[in-house]
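S.K.: Take this structure, written in structure tokens, and hold onto it; I'll ask about it next.
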Amino acid sequence: MRQKLSEATVEIVSDSGEGAQKAGQTFGAVSAKMGNGVWTVEIIPAEIKPPARSRAGASGIRVRFGTKAITNMGDHADLVVALNEQVLYGRLDQKAYKKGTVVLLESKWATDGLETIRTQFAEALERFEGEGLRVIQLPIEAACGEHTDNPRVGKNMFVLGMLCHIFDRDIDKALNEVKLVFGKKGEKVVAKNQQLLRAGLEYAAKNLDLAFHVPSTASDEPKLVMNGNQALGLGVMAAGMEVVSMYPITPATSASHHVAGSFHKMGGLVHQAEDEIAAVGFAIGASYAGKTACTITSGPGLALKTEFLGLAVMAEVPLVVVVVQRGGPSTGLPTKVEQGDLLAVLYGEPGDAPKVVMAAATIEECFHMVITARRLAEAFRTPVIVLTDANLATGVQPIKRPELDPEWLAPPIDQSPWPKGLAPYAWDETTGLSPRPVPGQKGGEYVLTGLAHTQGSKVAYDPESNERGLKMRSRKLASLQQTLQTPEVHGDPEGDLLVVGWGSTLGAIEEAVDRMREQGHKVSSLHLRMVSPLPLGLNEIFSRFNKVMTVEINYSDPKDEGPYASGAPRRRSQLAWLLRAETLVDIESWSRVQGQPLQPLQVEQALLEVLEATKASAGGKSPVTA
Amino acid sequence: MRQKLSEATVEIVSDSGEGAQKAGQTFGAVSAKMGNGVWTVEIIPAEIKPPARSRAGASGIRVRFGTKAITNMGDHADLVVALNEQVLYGRLDQKAYKKGTVVLLESKWATDGLETIRTQFAEALERFEGEGLRVIQLPIEAACGEHTDNPRVGKNMFVLGMLCHIFDRDIDKALNEVKLVFGKKGEKVVAKNQQLLRAGLEYAAKNLDLAFHVPSTASDEPKLVMNGNQALGLGVMAAGMEVVSMYPITPATSASHHVAGSFHKMGGLVHQAEDEIAAVGFAIGASYAGKTACTITSGPGLALKTEFLGLAVMAEVPLVVVVVQRGGPSTGLPTKVEQGDLLAVLYGEPGDAPKVVMAAATIEECFHMVITARRLAEAFRTPVIVLTDANLATGVQPIKRPELDPEWLAPPIDQSPWPKGLAPYAWDETTGLSPRPVPGQKGGEYVLTGLAHTQGSKVAYDPESNERGLKMRSRKLASLQQTLQTPEVHGDPEGDLLVVGWGSTLGAIEEAVDRMREQGHKVSSLHLRMVSPLPLGLNEIFSRFNKVMTVEINYSDPKDEGPYASGAPRRRSQLAWLLRAETLVDIESWSRVQGQPLQPLQVEQALLEVLEATKASAGGKSPVTA
Amino acid sequence: MFGLKTDWSLEMPPAYFTLESYEGGAARWCPGCGDFAVLTAVQKICRDEQLPPEKVVAVSGIGCSSRFPHYMKTYGFHGLHGRALPVACGVKSRRPDLKIWVATGDGDCCSIGAGHWVHAIRYNMDMTVMLFDNAVYGLTKNQTSPTTPPGRKTNTHPRGAWLPALNPLTATLGFSNVSFVAQTVDWNPVHLHATLAAAYRHPGTSFVRILQRCPTYSDDMFAEVQKDSNRLLLLEHERGVPAASGLQRMYAKRMEHDPLDMAQARALAEQQDTLPIGVLFADPSRPRYDEYTAQGLEMTAEDRLNALESELDRFAV
Amino acid sequence: MFGLKTDWSLEMPPAYFTLESYEGGAARWCPGCGDFAVLTAVQKICRDEQLPPEKVVAVSGIGCSSRFPHYMKTYGFHGLHGRALPVACGVKSRRPDLKIWVATGDGDCCSIGAGHWVHAIRYNMDMTVMLFDNAVYGLTKNQTSPTTPPGRKTNTHPRGAWLPALNPLTATLGFSNVSFVAQTVDWNPVHLHATLAAAYRHPGTSFVRILQRCPTYSDDMFAEVQKDSNRLLLLEHERGVPAASGLQRMYAKRMEHDPLDMAQARALAEQQDTLPIGVLFADPSRPRYDEYTAQGLEMTAEDRLNALESELDRFAV
Ligand SMILES: Cc1ncc(C[n+]2csc(CCOP(=O)(O)OP(=O)(O)O)c2C)c(N)n1
Ligand SMILES: Cc1ncc(C[n+]2csc(CCOP(=O)(O)OP(=O)(O)O)c2C)c(N)n1
Ligand code: SF4
Ligand code: SF4
Ligand SMILES: [Mg+2]
Ligand SMILES: [Mg+2]
């Protein structure tokens with residue numbers, strides 16, 4: 001009898017080039033098609049082609065799937081297929097496994113011709129046992145070799161077959177998926193891979209006593225499976241952008257790749273500029289000329305765009321800037337997740353440069369937020385920043401297929417004559433908003449300038465004009481703020497602890513909160529999508545909790561550590577800092593900056609600690625109902 | 001009998017090229033030599049050579065001098081010499097004059113050959129009268145013409161002579177000063193100008209009933225007269241910098257000009273790079289190689305340096321970055337003052353990039369702060385930002401002549417072998433500090449990198465190293481913080497209102513506070529020099545006042561204005577924002593962003609309003625003793 | 001005038017544009033500044049070509065010369081120091097109907113903007129790029145520029161600039177896909193006009209270096225060349241600046257130079273004793289990136305949505 | 001080897017450096033990457049020249065090739081994408097004793113770093129600049145670079161790159177004060193070594209374009225030239241890469257080319273069918289900015305304080 005599970009987390013880890021990712025993606029797609037919730041995340045080595053069997057060279061994939069929706073990569077893997085033992089070291093360092101995690105380990109290395117390899121293998125086994133892993137040695141390549149001349153290339157499908165058996169995947173769906181994946185390469189290739197998949201399935205059935213069942217409910221709702229960068233790319237197209245102006249930078253570039261692959265079919269242009277400065281300048285030029293444009297980048301590229309962003313704010317040029325965050329500062333951790341650019345996008349430009357800043361929390365939001373951003377950029381005549389991160393960029397999930405709306409597309413540019421006497425910045429005193437002339441509009445001729453200017457866009461020599469312009473630009477944020485909904489609290493509207501988050505940590509935070517609530521803790525959470533302007537009503541919500549804290553993936557000084565004078569304020573995480581200034585509430589922060597998505601368990605432990613400390617300082621009276 | 005004044009504010013305003021600035025500078029120097037306190041500030045037109053008699057073309061100078069030290073440009077001028085009437089319009093817009101200000105106005109325009117000019121003159125007179133100015137028409141050029149063939153060129157000395165009579169300046173000192181100024185041009189030129197000065201003096205004595213006396217106390221203390229950019233340049237040299245790497249940008253460039261004029265005599269190098277990115281990169285390269293280097297810039301240039309600043313933080317490269325602030329955002333107000341770059345220097349870089357940030361409050365501090373900055377940069381292995389602004393850059397003041405200290409110079413670089421086994425980032429766990437190897441040191445070979453790295457400067461692939469590096473870099477700020485003195489309160493240590501300021505507003509704020517204290521208000525002020533890390537003890541100080549507010553020259557949403565939802569937090573000035581997050585005190589802010597230095601009177605009025613409001617909200621009980 | 005359309009033509013188009021149609025605010029350069037002449041020349045070409053003012057965009061960076069757009073009564077973009085070219089390319093990318101004039105200084109283009117210069121030349125989008133080369137930083141008051149001759153005293157090099165001056169002509173001629181390079185002087189309005197007109201009519205990026213006098217900071221910079229017409233070499237060609245009557249009389253040194261001859265263009269560009277004026281290089285056949293960037297403009301919303309639906313299909317499960 | 005110092009010399013200096021003296025961590029490029037050969041060549045030259053490792057600084061930007069410093073056991077600076085040259089100039093400015101090797105990619109140098117490229121060539125400070133030209137962005141996984149030939153499919157141009165490729169040789173030869181330009185290939189270690197050695201010994205900025213294979217993303221990029229030695233033209237000259245024994249046998253097409261001949265160098269640089277390898281241009285007499293920037297190094301603290309006192313005097317009242 002198969003053991004029933006509500007969810008499972010599986011990894012395939014190998015040297016790069018062994019096809020682990022393709023196998024895992026296919027496994028994820030099959031699960032999604034079966035109606036399971038799924039979250040897939042790739043394990044990417046730091047180098048392009050790390051040497052074989054190197055510790056830092058782990059390449060692979062994690063698939064977490066379950067009966068209900070899955071929103072994050074989870075804690076520890078339940079089962080791992082490893083094509084050599086060395087690649088597991090890095091995963092152990094990253095605490096990817098726990099006691100009892102099953103490791104299906106390629107056994108050929110035990111009898112390798114090289115003694116060093118045999119020794120390495122033996123040592124690794126010892127280490128894994130010490131860690132409490134349940135290692136099952138399997139001659140995967142040999143078994144696969146019985147069905148193909150080239151088992152190195154084919155074993156990923158063999159492994160996929162094994163997993164399909166172990167987790168009771170729908171075999172027809174799996175075979176069909178293989179067809180989709182290899183279809184372009186011809187029937188023979190498809191047939192071969194399907195054969196290997198079947199072989200793996202049979203091999204597992206015969207040799208392993210691992211058999212689980214993760215129930216799913218098939219639904220008719222049309223779904224798409226994609227990662228956040230793909231969603232972003234599609235969102236760019238759905239928003240009716242005409243120009244994506246970019247310079248390659250990890251982890252943002254793949255979003256542009258996705259666009260580059262099909263944008264021409266929508267008449268769009270991907271411009272790879274000579275650098276990030278030119279990329280944003282080009283986008284601003286296109287936008288000035290009435291064409292909707294965005295630029296997509298990551299930390300170091302954002303830094304280079306600083307000056308042009310100031311111009312866009314000053315001259316009120318609509319512009320969408322997507323920042324797919326990675327580890328910083330400087331080159332930092334180019335392929336790894338961090339939420340370290342919040343304050344930089346808010347305050348990076350010299351002078352007062354208010355702009356709209358939003359942060360996507362899910363893969364689905366990566367799609368929809370670009371559409372909103374484009375509209376806000378035009379309505380408020382301002383740059384709008386959309387923050388995502390490497391976790392969203394590479395995480396894969398089934399999402400509801402959006403119903404495309406022609407309204408999402410930018411309307412064609414207005415080329416009718418400009419109303420006589422109307423200034424190019426005819427600011428509405430109350431809202432700061434103004435209509436925008438576009439080249440080609442007769443009578444609208446004006447010169448955009450980054451100098452302080454009058455509403456006629458003339459260089460301002462008088463002291464008042466400068467202040468007036470600053471006021472009008474600031475007022476736009478206040479106007480937008482009026483229209484924002486107060487975010488909803490996840491959990492009870494009051495309690496002991498409120499966790500505030502933003503961006504890709506949504507899934508991990510809510511999962512942790514849910515678990516704690518099940519244990520009786522009075523914890524709730526709140527997730528911000530709009531960071532500038534902040535929505536109204538936060539103070540009111542915060543006042544209903546004993547303690548408010550943020551959970552973020554950016555640096556904060558650890559509590560109770562280090563040489564700090566008593567009373568010296570620790571450096572907090574970025575959202576915490578922002579909310580402190582805004583609400584004057586003593587907002588705590590907990591963060592990890594290890595280049596990895598947060599795990600629900602980590603978050604849970606952190607929240608528990610804060611709860612304990614709050615209770616202790618509240619004089620022992622426990623506000624937690626058991 | 002001469003009327004005795006404790007201080008006076010005089011302006012000379014003209015078309016550019018008429019020598020007003022030279023006359024005013026000489027007047028200021030003479031006053032300084034007599035032992036008066038002096039503050040001189042130039043009136044600079046927006047264009048290089050604006051057309052003659054244009055409203056936006058005012059070129060000239062203001063000299064405020066008094067019995068005691070003068071720390072700012074003051075409020076309204078008492079007396080103005082204007083060489084045409086048009087240039088006064090801009091000054092009126094800038095509220096430079098008050099009812100009763102005496103205007104000595106060149107009268108030749110009244111009878112100009114062109115009717116338009118005659119009409120303009122008449123209209124102006126009417127306007128000036130309407131404003132309550134006391135206009136005295138004088139045929140200055142004609143009177144001067146009696147002593148020279150070229151009165152256009154000579155009349156500035158004639159005007160100087162007039163002012164020397166009116167304000168009872170030491171004539172020998174004045175003649176001597178003329179000699180110093182024109183000495184290079186030969187004896188004849190000196191004699192001619194001295195003659196004109198005498199002529200002006202006699203002319204005023206004969207034709208004007210204006211005669212004042214501003215007592216002074218001559219002192220033996222050696223003094224220097226200079227502006228903030230000159231002080232900065234001298235500070236760079238006194239700090240033992242070897243490299244100033246820059247790209248021209250107003251209002252920072254003139255500091256580099258001053259250095260360029262004499263740096264070679266100290267063996268130093270001014271490198272004008274191809275852009276600001278290269279400028280900072282060059283400085284970082286020099287610093288990496290053990291040579292002390294700084295870069296000097298303003299807002300737009302700072303924006304371009306963002307990425308390299310992140311690298312300097314990440315790789316712990318000592319570097320001094322001077323930012324002479326101007327109006328922003330974007331190109332903004334290139335020649336005008338603003339304090340708008342505080343948050344940008346604190347948070348501009350993507351990722352967590354803690355660094356030291358200081359702000360000079362006086363011209364003297366422009367000199368000394370560079371020396372401190374260089375030492376901190378090296379001791380803490382970090383970039384140090386020194387903020388000044390256009391007000392300090394162009395304000396001229398007598399300062400105490402510094403006694404040069406060989407200790408200020410950077411020591412020669414260490415080229416002795418690097419201790420065996422010592423890592424290039426051998427962080428002290430408590431302080432985050434580490435010794436730094438310099439190329440040429442045998443055994444110290446390491447590769448500096450902007451990637452997350454281990455203490456061996458090896459690219460870090462493990463999750464902990466990244467967090468460790470972040471922690472060590474953050475810890476350095478905490479370590480520095482321990483050593484900072486709590487700033488002193490100006491005025492009583494407790495009261496109704498505490499005004500917090502930073503940078504060039506010191507003089508205006510303290511003058512306003514002093515005036516109010518004389519009137520019995522319980523107002524004090526506190527001025528921050530160190531902004532990152534902030535000194536300890538602020539909460540304690542703040543708690544002793546009913547209300548704390550900042551006064552700044554950067555944008556804040558005006559109170560009680562605009563379409564803001566109740567409870568919607570207004571956007572505050574930048575220091576207020578920082579202090580709110582840090583102290584959780586509800587810090588108010590008042591600001592003006594008109595490209596002009598604050599006037600004590602403005603500040604006084606703003607403080608009074610806040611006092612009133614605080615009293616009102618405190619229920620009518622007046623905390624002010626009359 | 002100059003053999004082009006003239007004011008007194010009897011066949012007036014329905015909405016005839018006069019010089020005033022292009023004249024913006026009163027130009028605020030110093031008296032005697034060479035920039036005035038360039039402004040006038042461009043306004044005349046707009047008039048000659050009868051360009052609707054709303055279809056003209058003047059793009060610039062920051063500098064004295066970059067104030068140019070403010071003095072045109074057309075659309076304009078006065079952007080960031082060094083960044084005129086990326087903005088101009090962005091404007092042009094999806095608006096083939098707009099006519100682009102780029103005003104950039106020797107600091108703006110050859111120092112801080114040098115990277116964009118290399119690439120904009122390579123993009124070869126249809127626009128006219130005017131390098132206002134006064135061999136000094138004007139707006140920031142007399143610092144060394146890349147084209148400042150060594151020895152010349154400036155505020156950043158009070159003992160004299162040290163580096164050899166950058167030659168914008170040889171550099172541009174070395175950039176791949178360069179399609180038009182010319183040189184002219186601000187003090188000869190006939191040649192200035194003829195050169196800019198040739199540049200305007202050239203399809204692709206026309207790069208024109210204008211020797212521009214800055215009486216305020218480099219009064220004597222071009223005094224010699226200006227005085228001694230033998231220091232200039234007039235390049236003539238039917239596909240360049242054609243042999244116009246007035247010009248031939250002005251210059252003793254003349255030369256027939258085929259703008260397609262790159263080797264000779266490079267050799268001419270190197271000359272310092274006699275400065276060539278006219279078109280050094282012009283090849284209208286070079287690929288133009290604006291033809292690529294404008295692809296797909298004709299697509300309807302329906303086309304686009306349909307294409308997007310099939311994109312979504314690729315991700316369907 | 002190659003007529004330079006050799007390992008088996010009997011006159012060993014007191015501290016003799018071996019190849020290992022320069023070998024840093026195991027290089028982590030892809031198998032078959034051309035970067036390995038360059039690394040080896042540089043290490044050999046360091047050994048041949050017996051450079052104390054602590055006096056060598058390898059400076060780079062960001063890219064696969066920019067990992068170079070990590071694999072040298074010398075000082076190194078692995079900086080920002082595109083910014084190797086300003087950093088290298090800063091290092092050299094006040095440290096004439098340090099030997100600088102700059103590693104930069106075709107994206108690093110010719111795209112984002114193009115502005116610095118123009119100016120570093122003009123500064124002509126003594127350093128060796130190695131352009132690792134694999135005609136692709138390696139580290140970010142296969143995007144178009146300025147030197148990508150049109151038509152080639154990349155991740156940013158899946159339908160094929162569109163723009164003409166930038167020619168780094170013609171560009172560099174157009175920059176004023178250029179003093180050394182050479183081209184070589186990663187797959188001929190003899191020529192690579194000889195060219196880099198000539199570059200190293202040249203006083204001033206030596207710019208060497210290395211055709212570098214990237215088996216991962218542009219496997220076939222140089223396959224043809226590599227296969228057909230007739231696609232290469234061996235430039236020989238006593239002041240360039242001298243006619244070394246092994247080389248002459250390898251290439252049928254050879255040519256004596258005087259590196260002082262700029263016109264011929266430019267013509268050679270334009271050639272696409274036969275790619276010239278060797279030294280295209282070398283003029284050791286060009287002014288070097290590092291000689292200017294190092295002025296005053298000898299001054300004592302006393303000198304400096306005295307000078308400063310007289311500066312202060314100028315402001316005294
Ligand atoms: C990022 C940035 N750096 C520096 C400046 C200051 N700046 C303005 S114009 C200019 C140079 C002007 O010289 P050029 O381009 O030759 O134009 P010109 O004034 O001579 O016409 C500089 C350095 C700036 N505005 N922005
Ligand atoms: C400011 C910035 N922009 C973009 C990147 C991303 N990036 C890293 S290397 C690289 C290009 C690498 O190509 P190339 O210079 O040719 O070197 P190669 O990897 O081919 O050796 C890019 C775009 C970055 N690190 N920093
Ligand atoms: S400073 Fe020179 S370039 Fe600038 S406007 Fe004046 S004359 Fe013209
Ligand atoms: S991707 Fe190409 S250039 Fe980069 S290391 Fe691999 S083979 Fe070398
Ligand atoms: Mg110039
Ligand atoms: Mg490359």
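Note on naming: chains are A, B, ... as they come in the structure tokens, residues start from 1 per chain, ligands start from 1 in the order shown.
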What are the residues of chain D lining chain C at 9 Å or less? Count only C-alpha atoms, and put the answer as number ranges by chain.
M.R.: D: 110-119, 122-123, 146, 162-177, 263, 266-267, 287-289, 292
S.K.: Any idea which chain C residues end up within 12 Å of chain B if we count only C-alpha atoms, as a PyMOL selection string please?
M.R.: chain C and resi 26-33+61-64+67+78-83+106-115+136-147+153-163+166+214-217
S.K.: Mind the document's chain letters and residue numbers, and return as an NGL selection string the residues of region 47-221 of chain C that DSSP labels strand (DSSP E or B).
M.R.: :C and (56-60 or 72 or 75-78 or 99-105 or 127-133 or 137 or 143 or 180-185 or 205-211 or 214 or 218)
S.K.: Give the helix (DSSP H, G or I) residues of region 356-526 of chain B, as DSSP finds them on the backbone, and put them as a PyMOL selection string.
M.R.: chain B and resi 363-379+390-394+406-408+463-483+503-518
S.K.: Taking 5 positions as the minimum chain separation for residues in the same chain, which residues sit within 7 Å of Met358 (chain A) when counting only C-alpha atoms? Answer as a short mmCIF file (atom, residue, chain, number, x, y, z; two decimals) with N, CA and C atoms, in the first residue's frame.
M.R.:
data_model
loop_
_atom_site.label_atom_id
_atom_site.label_comp_id
_atom_site.auth_asym_id
_atom_site.auth_seq_id
_atom_site.Cartn_x
_atom_site.Cartn_y
_atom_site.Cartn_z
N ILE A 385 8.83 51.47 -10.03
CA ILE A 385 9.76 50.37 -9.86
C ILE A 385 8.98 49.12 -9.47
N VAL A 386 9.28 48.02 -10.11
CA VAL A 386 8.72 46.73 -9.71
C VAL A 386 9.87 45.87 -9.19
N LEU A 387 9.77 45.50 -7.92
CA LEU A 387 10.82 44.67 -7.34
C LEU A 387 10.41 43.20 -7.37
N ARG A 529 2.51 45.03 -0.86
CA ARG A 529 2.82 45.03 -2.30
C ARG A 529 3.27 46.42 -2.72
N MET A 530 2.66 47.43 -2.13
CA MET A 530 2.99 48.81 -2.50
C MET A 530 3.88 49.36 -1.39
N VAL A 531 5.07 49.75 -1.74
CA VAL A 531 6.02 50.23 -0.73
C VAL A 531 6.17 51.75 -0.80
N SER A 532 5.90 52.32 -1.96
CA SER A 532 5.94 53.78 -2.08
C SER A 532 4.89 54.20 -3.09
#
S.K.: Between D:Phe68, D:Phe207, D:Tyr22, D:Phe132, which residue has the minimum interatomic distance to ligand 2, considering only C-alpha atoms and all ligand atoms?
M.R.: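 Among the listed residues, D:Phe132 lies closest to ligand 2.
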S.K.: Excluding same-chain residues fewer than 2 positions from Leu201 (chain B), what lies within 8 Å of it counting only C-alpha atoms, as a list in words?
M.R.: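 Using only C-alpha atoms, the neighbours found are Phe158, Leu160, Gly161, Met162, Leu163, Cys164, His165, Leu197, Arg198, Ala199, Tyr203, Ala204 and Ala205 of chain B.
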S.K.: Sorted by chain and rising residue number, which residues of chain A lie within 12 Å of ligand 1, and what are their closest atom pairs and distances in Å to one decimal, counting only C-alpha atoms and all ligand atoms, as CSV?
M.R.:
residue,atom,partner,partner_atom_place_in_ligand_line,distance
A:Ile277,CA,ligand 1,1 (C),11.4
A:Leu304,CA,ligand 1,1 (C),11.5
A:Lys305,CA,ligand 1,1 (C),11.8
A:Thr306,CA,ligand 1,1 (C),10.7
A:Glu307,CA,ligand 1,1 (C),7.6
A:Phe308,CA,ligand 1,1 (C),9.8
A:Gly310,CA,ligand 1,1 (C),11.4
A:Leu311,CA,ligand 1,1 (C),11.3
A:Pro350,CA,ligand 1,1 (C),11.5
A:Thr449,CA,ligand 1,25 (N),12.0
A:Gly450,CA,ligand 1,25 (N),9.8
A:Leu451,CA,ligand 1,25 (N),9.8
